Amino acid sequence: MTEKLIPRDGLFLYFYPMKRILVYGFGNPGRQDDGLGPAFAEMVENWKNAAGLTGVDTDSNYQLNVEDAQIMSEYDLVVFADASVEEHIRDFLFDRIEACDAEVKYTLHAASPGYILELCKEIYHKQPETWLMHIHGHEWAFKEGLTEEAQKNLQLAFQHFCRWYQDLKS
Amino acid sequence: MSKKITIEPVTRVEGHGKVTIHLDDAGNVSDSRLHIVEFRGFERFVQGRPYWEAPVLVQRLCGICPVSHHLAAAKALDVIVGAGTGDGLTPTGEKMRRLMHYGQMFQSHALHFFHLCSPDLLFGYDSDPAIRNVIGVALKHPDLAVQGVMMRKFGQEIIAATAGKKIHGTGAIPGGINKNLTIEERDSFLKGADPMNIEKMVSWAQGALDFFKGYHAANRDFIDNYAFFPSNHLSLVRKDGALDLYHGVMRAVDAQGNKVLNDVDYQDYVKYIGEEVRSWSYMKFPFMKHMGKETGWYRVGPLARLNTCDFIPTPLAQKEFEEFRAYTQGKPNNHCMHMHWARLIELLHSAEVIRDLLNDPDLQKNDLVKKGTKQSEGVGLIEAPRGTLFHHYKINENDQIVMANLIVSTTNNNEPMNRSVNFVAKKMMNGQKEITEGMMNAVEIAIRAYDPCLSCATHALGKMPLEIALFDSNGVEIDRKKS
């Protein structure tokens, strides 16, 4: 089962989503594992292109910011991907995100997906189903390229995403 | 026994900082400090790398204003490749960079006003923190929240069109630029569907200014007296004295308007600018050497820029500038909260500059790069959204960077930010035994006016340990902890 989920040979050509999906990675690829989010989005983009999927878009940026509320409003389902330093996340964690203003400690440096979703809800009156893929990172120096451990976590997260996507379509 | 009150993190500034306020036995404020963790390791990191990589490498520093670092580095490398200082590029090279820079300025200033500042103005600094944020703005004034989002998006799209991409843009290269602006890109900004066109952006920028001026008229005491203190002001100005956010000469004025740095070439900045190290701060304190550490500190950023320049070379912003200058009888404006006013005038100016550039056919030409006799050293200065940004590089015969020195805008504002915090702390907290949410935010309002960017190299670092050191009155460290 898992084998089929690894994106190769156009296995996903048959899954044409009805929903518009955005996969949005955020983080700074110039700071080693902080680039996990954009790397995840790139992986999904390559998979999408290889499989000829439609209805799935990808995007990346250094961090989330207010204009992402407008981008979110154009989709039915949004998957954010971000590096995590949380020790309880061993490799990755795929979490459903709810709109949230209560826990906002607002710095534009680190606007959370829940906060952007809340903004989307209030400004655009849209509330796409939103998920966050936390991927555990290890090193954060001024350097490009993921660590070996982070790359393993990225692969695991991506394979989970593929399974989730298949379930979504079935 | 004195008490120390700590407020951290400073919310709604970009990054994280820590404020310590020291109370004496009587409960009055004896001292306050804004602590900022600055990552100095970057300057060592670029050593040994080929110089042409610097404009892309330096964007690793900051996810908030990577364009400013990208362009400041490129300007320094223009000197190294023999293309002159800032104004030696081809018309297309310089104007494409200007479009990128003013796009960055536009989105950053819009973001600050609508999403950092406006909650304080709309709800009051002592209002319920649950609504005093941009979500509260969206609920009560959805039109303003939408404008903020779309103005930020417009500026970001200008950056993407000129820098090539959103992350690690490559547009600026030593001696010029690597692409021009296509007709299609130009027209998307000039004639984009409502509201994504430049005319709407100019109109919204004017609306933001009107909003602020209306608030100012109704709240003069707060806006005029909050964290007011005299200072020197430093920025680049164009050679004829005009406001120029991309290139110029260094000028500083004192609190009375006397020129204390008179239009000097920034290639010589080391003659004029020193950086003081203080035991309690990771961030240095820049000052003008000829005035000394005590009196040579200065402010940078929108307020400083409108105090140093003689005029603004776009008509709508010039009209606003005249009103701004008249408010202080032509003298430098030292009102901390007028930083917001100055920022909005620059927002309007940026929109006007973008409009002018979009209508300039030079942007579609193909003469993109200029080079001359290679030099071993170059300095690049630019007016970043938060103030003057310095990049300085030296290379060896193998084209490797052997020295890099960066003075970022927030570092330049270190002393004035500390003074603002101290002013507010003494005014709000003397004799108080408990700090209310309103008092805490009062301190933060003063910091936010500078729009500081703190430790912003990676968003994940906000979750990493923050080292805190405690010193006694003799400057001796008595404790050190990691959060």
# chains A, B, ... in the order shown; residues from 1 in each chain; ligands from 1
$ residues_around --residues "segment 60-71 of chain A" --least-positions-apart "3" --cutoff "7 Å" --atoms "only C-alpha atoms" --output "ChimeraX atom specification"
/A:24-28,38,41,74,108,110-111,116-117,119-120 /B:63,149-150,152-153,166-167,459
$ write_last_selection --atoms "N, CA and C atoms" --output "PDB file, in the first residue's frame"
ATOM      1  N   TYR A  24       1.427  25.086   1.046  1.00  0.00           N
ATOM      2  CA  TYR A  24       2.188  26.316   1.264  1.00  0.00           C
ATOM      3  C   TYR A  24       3.284  26.054   2.297  1.00  0.00           C
ATOM      4  N   GLY A  25       4.544  26.065   1.823  1.00  0.00           N
ATOM      5  CA  GLY A  25       5.664  25.865   2.743  1.00  0.00           C
ATOM      6  C   GLY A  25       6.255  27.190   3.161  1.00  0.00           C
ATOM      7  N   PHE A  26       6.569  27.336   4.440  1.00  0.00           N
ATOM      8  CA  PHE A  26       7.213  28.584   4.860  1.00  0.00           C
ATOM      9  C   PHE A  26       8.434  28.301   5.726  1.00  0.00           C
ATOM     10  N   GLY A  27       9.403  29.242   5.618  1.00  0.00           N
ATOM     11  CA  GLY A  27      10.675  29.089   6.314  1.00  0.00           C
ATOM     12  C   GLY A  27      11.786  29.680   5.467  1.00  0.00           C
ATOM     13  N   ASN A  28      12.967  29.765   6.035  1.00  0.00           N
ATOM     14  CA  ASN A  28      14.109  30.380   5.358  1.00  0.00           C
ATOM     15  C   ASN A  28      15.093  29.291   4.921  1.00  0.00           C
ATOM     16  N   PRO A  38       9.516  25.130   2.711  1.00  0.00           N
ATOM     17  CA  PRO A  38       9.641  25.287   1.254  1.00  0.00           C
ATOM     18  C   PRO A  38      10.073  23.993   0.554  1.00  0.00           C
ATOM     19  N   ALA A  41       7.010  21.914   0.022  1.00  0.00           N
ATOM     20  CA  ALA A  41       6.181  22.449  -1.073  1.00  0.00           C
ATOM     21  C   ALA A  41       6.802  22.108  -2.430  1.00  0.00           C
ATOM     22  N   GLU A  74      -8.900  31.643  -1.750  1.00  0.00           N
ATOM     23  CA  GLU A  74      -9.172  31.127  -3.095  1.00  0.00           C
ATOM     24  C   GLU A  74      -9.176  29.595  -3.137  1.00  0.00           C
ATOM     25  N   LEU A 108       4.527  39.924  13.339  1.00  0.00           N
ATOM     26  CA  LEU A 108       4.415  39.606  11.922  1.00  0.00           C
ATOM     27  C   LEU A 108       5.556  38.706  11.499  1.00  0.00           C
ATOM     28  N   ALA A 110       6.171  35.911  12.871  1.00  0.00           N
ATOM     29  CA  ALA A 110       5.795  34.511  13.024  1.00  0.00           C
ATOM     30  C   ALA A 110       4.280  34.370  13.127  1.00  0.00           C
ATOM     31  N   ALA A 111       3.567  34.928  12.181  1.00  0.00           N
ATOM     32  CA  ALA A 111       2.122  34.774  12.180  1.00  0.00           C
ATOM     33  C   ALA A 111       1.793  33.296  11.990  1.00  0.00           C
ATOM     34  N   ILE A 116      -3.677  33.355  10.416  1.00  0.00           N
ATOM     35  CA  ILE A 116      -3.959  33.731   9.027  1.00  0.00           C
ATOM     36  C   ILE A 116      -5.345  33.212   8.629  1.00  0.00           C
ATOM     37  N   LEU A 117      -5.687  32.019   9.116  1.00  0.00           N
ATOM     38  CA  LEU A 117      -7.018  31.467   8.833  1.00  0.00           C
ATOM     39  C   LEU A 117      -8.103  32.340   9.451  1.00  0.00           C
ATOM     40  N   LEU A 119      -7.884  35.498  10.031  1.00  0.00           N
ATOM     41  CA  LEU A 119      -7.930  36.718   9.222  1.00  0.00           C
ATOM     42  C   LEU A 119      -8.719  36.472   7.939  1.00  0.00           C
ATOM     43  N   CYS A 120      -8.506  35.317   7.335  1.00  0.00           N
ATOM     44  CA  CYS A 120      -9.222  34.929   6.119  1.00  0.00           C
ATOM     45  C   CYS A 120     -10.729  34.873   6.393  1.00  0.00           C
TER      46      CYS A 120
ATOM     47  N   GLY B  63      13.844  37.505   6.938  1.00  0.00           N
ATOM     48  CA  GLY B  63      12.670  37.160   6.157  1.00  0.00           C
ATOM     49  C   GLY B  63      11.704  38.307   6.024  1.00  0.00           C
ATOM     50  N   VAL B 149      -4.011  44.232   3.540  1.00  0.00           N
ATOM     51  CA  VAL B 149      -3.651  42.968   2.893  1.00  0.00           C
ATOM     52  C   VAL B 149      -3.289  43.193   1.424  1.00  0.00           C
ATOM     53  N   MET B 150      -4.113  43.955   0.725  1.00  0.00           N
ATOM     54  CA  MET B 150      -3.905  44.106  -0.714  1.00  0.00           C
ATOM     55  C   MET B 150      -2.710  45.011  -1.035  1.00  0.00           C
ATOM     56  N   ARG B 152      -0.017  45.238   0.824  1.00  0.00           N
ATOM     57  CA  ARG B 152       1.138  44.376   1.070  1.00  0.00           C
ATOM     58  C   ARG B 152       1.338  43.422  -0.126  1.00  0.00           C
ATOM     59  N   LYS B 153       0.235  42.857  -0.604  1.00  0.00           N
ATOM     60  CA  LYS B 153       0.315  41.910  -1.731  1.00  0.00           C
ATOM     61  C   LYS B 153       0.833  42.609  -2.993  1.00  0.00           C
ATOM     62  N   LYS B 166      10.062  35.135  -4.797  1.00  0.00           N
ATOM     63  CA  LYS B 166       9.796  35.662  -3.452  1.00  0.00           C
ATOM     64  C   LYS B 166      10.904  35.302  -2.469  1.00  0.00           C
ATOM     65  N   ILE B 167      11.445  34.080  -2.574  1.00  0.00           N
ATOM     66  CA  ILE B 167      12.505  33.658  -1.669  1.00  0.00           C
ATOM     67  C   ILE B 167      13.831  33.687  -2.402  1.00  0.00           C
ATOM     68  N   HIS B 459      12.376  32.340  11.285  1.00  0.00           N
ATOM     69  CA  HIS B 459      11.209  32.400  12.162  1.00  0.00           C
ATOM     70  C   HIS B 459      11.292  31.351  13.259  1.00  0.00           C
TER      71      HIS B 459
END
$ residues_around --residues "His101 of chain B" --least-positions-apart "3" --cutoff "8 Å" --atoms "only C-alpha atoms" --output "NGL selection string"
:B and (67-68 or 71 or 97-98 or 104-105 or 159 or 246)
$ write_last_selection --atoms "N, CA and C atoms" --output "PDB file, in the first residue's frame"
ATOM      1  N   VAL B  67      14.916  42.135   0.705  1.00  0.00           N
ATOM      2  CA  VAL B  67      15.208  42.994  -0.446  1.00  0.00           C
ATOM      3  C   VAL B  67      16.208  44.086  -0.066  1.00  0.00           C
ATOM      4  N   SER B  68      16.082  44.625   1.125  1.00  0.00           N
ATOM      5  CA  SER B  68      16.997  45.687   1.552  1.00  0.00           C
ATOM      6  C   SER B  68      18.417  45.156   1.632  1.00  0.00           C
ATOM      7  N   LEU B  71      19.779  44.472  -1.946  1.00  0.00           N
ATOM      8  CA  LEU B  71      20.184  45.667  -2.688  1.00  0.00           C
ATOM      9  C   LEU B  71      21.383  46.365  -2.061  1.00  0.00           C
ATOM     10  N   ARG B  97      16.173  48.307 -10.062  1.00  0.00           N
ATOM     11  CA  ARG B  97      16.462  48.189  -8.621  1.00  0.00           C
ATOM     12  C   ARG B  97      15.594  49.131  -7.806  1.00  0.00           C
ATOM     13  N   ARG B  98      15.418  50.336  -8.321  1.00  0.00           N
ATOM     14  CA  ARG B  98      14.566  51.286  -7.595  1.00  0.00           C
ATOM     15  C   ARG B  98      13.132  50.757  -7.484  1.00  0.00           C
ATOM     16  N   GLN B 104       9.320  47.190  -2.069  1.00  0.00           N
ATOM     17  CA  GLN B 104       9.572  46.697  -0.706  1.00  0.00           C
ATOM     18  C   GLN B 104       9.143  47.741   0.325  1.00  0.00           C
ATOM     19  N   MET B 105       9.495  48.987   0.061  1.00  0.00           N
ATOM     20  CA  MET B 105       9.143  50.056   1.003  1.00  0.00           C
ATOM     21  C   MET B 105       7.622  50.159   1.131  1.00  0.00           C
ATOM     22  N   ILE B 159       7.988  43.102  -6.011  1.00  0.00           N
ATOM     23  CA  ILE B 159       9.275  42.483  -5.658  1.00  0.00           C
ATOM     24  C   ILE B 159       9.491  41.213  -6.482  1.00  0.00           C
ATOM     25  N   TYR B 246      16.791  55.117  -2.204  1.00  0.00           N
ATOM     26  CA  TYR B 246      17.696  54.141  -2.804  1.00  0.00           C
ATOM     27  C   TYR B 246      19.155  54.574  -2.750  1.00  0.00           C
TER      28      TYR B 246
END
$ closest_residue --among "A:Val44, A:Ile123, A:Ile135, A:Ala150" --to "Asp95 of chain A" --atoms "only C-alpha atoms"
A:Ile135
$ residues_around --residues "Glu122 of chain A" --least-positions-apart "6" --cutoff "9 Å" --atoms "only C-alpha atoms" --output "list in words"
Ile135, Ala138, Leu139 and Pro142 of chain B
$ select_by_dssp --residues "chain A" --states "strand (DSSP E or B)" --output "PyMOL selection string"
chain A and resi 21-26+31+56-61+77-84+92-97+129-136+143
$ atom_distance --atom1 "atom CA of Val202 of chain B" --atom2 "atom CA of Thr308 of chain B"
24.3 Å
$ atom_distance --atom1 "atom CA of Gly93 of chain B" --atom2 "atom CA of Lys143 of chain A"
28.9 Å
$ residues_around --residues "Glu323 of chain B" --least-positions-apart "6" --cutoff "12 Å" --atoms "only C-alpha atoms" --output "PyMOL selection string"
chain B and resi 209+213+306+311+316-317+329-330+333+341-342+345
$ atom_distance --atom1 "atom CA of Ile21 of chain B" --atom2 "atom CA of His338 of chain B"
24.8 Å
$ select_by_dssp --residues "chain A" --states "alpha helix (DSSP H)" --output "JSON, numbers by chain"
{"A": [2, 3, 4, 5, 36, 37, 38, 39, 40, 41, 42, 43, 44, 45, 46, 47, 48, 49, 50, 51, 68, 69, 70, 71, 72, 113, 114, 115, 116, 117, 118, 119, 120, 121, 122, 123, 124, 148, 149, 150, 151, 152, 153, 154, 155, 156, 157, 158, 159, 160, 161, 162, 163, 164, 165, 166, 167, 168, 169]}
$ closest_residue --among "A:Pro29, A:Cys100, A:Leu36, A:Trp47" --to "Cys162 of chain A" --atoms "only C-alpha atoms"
A:Trp47
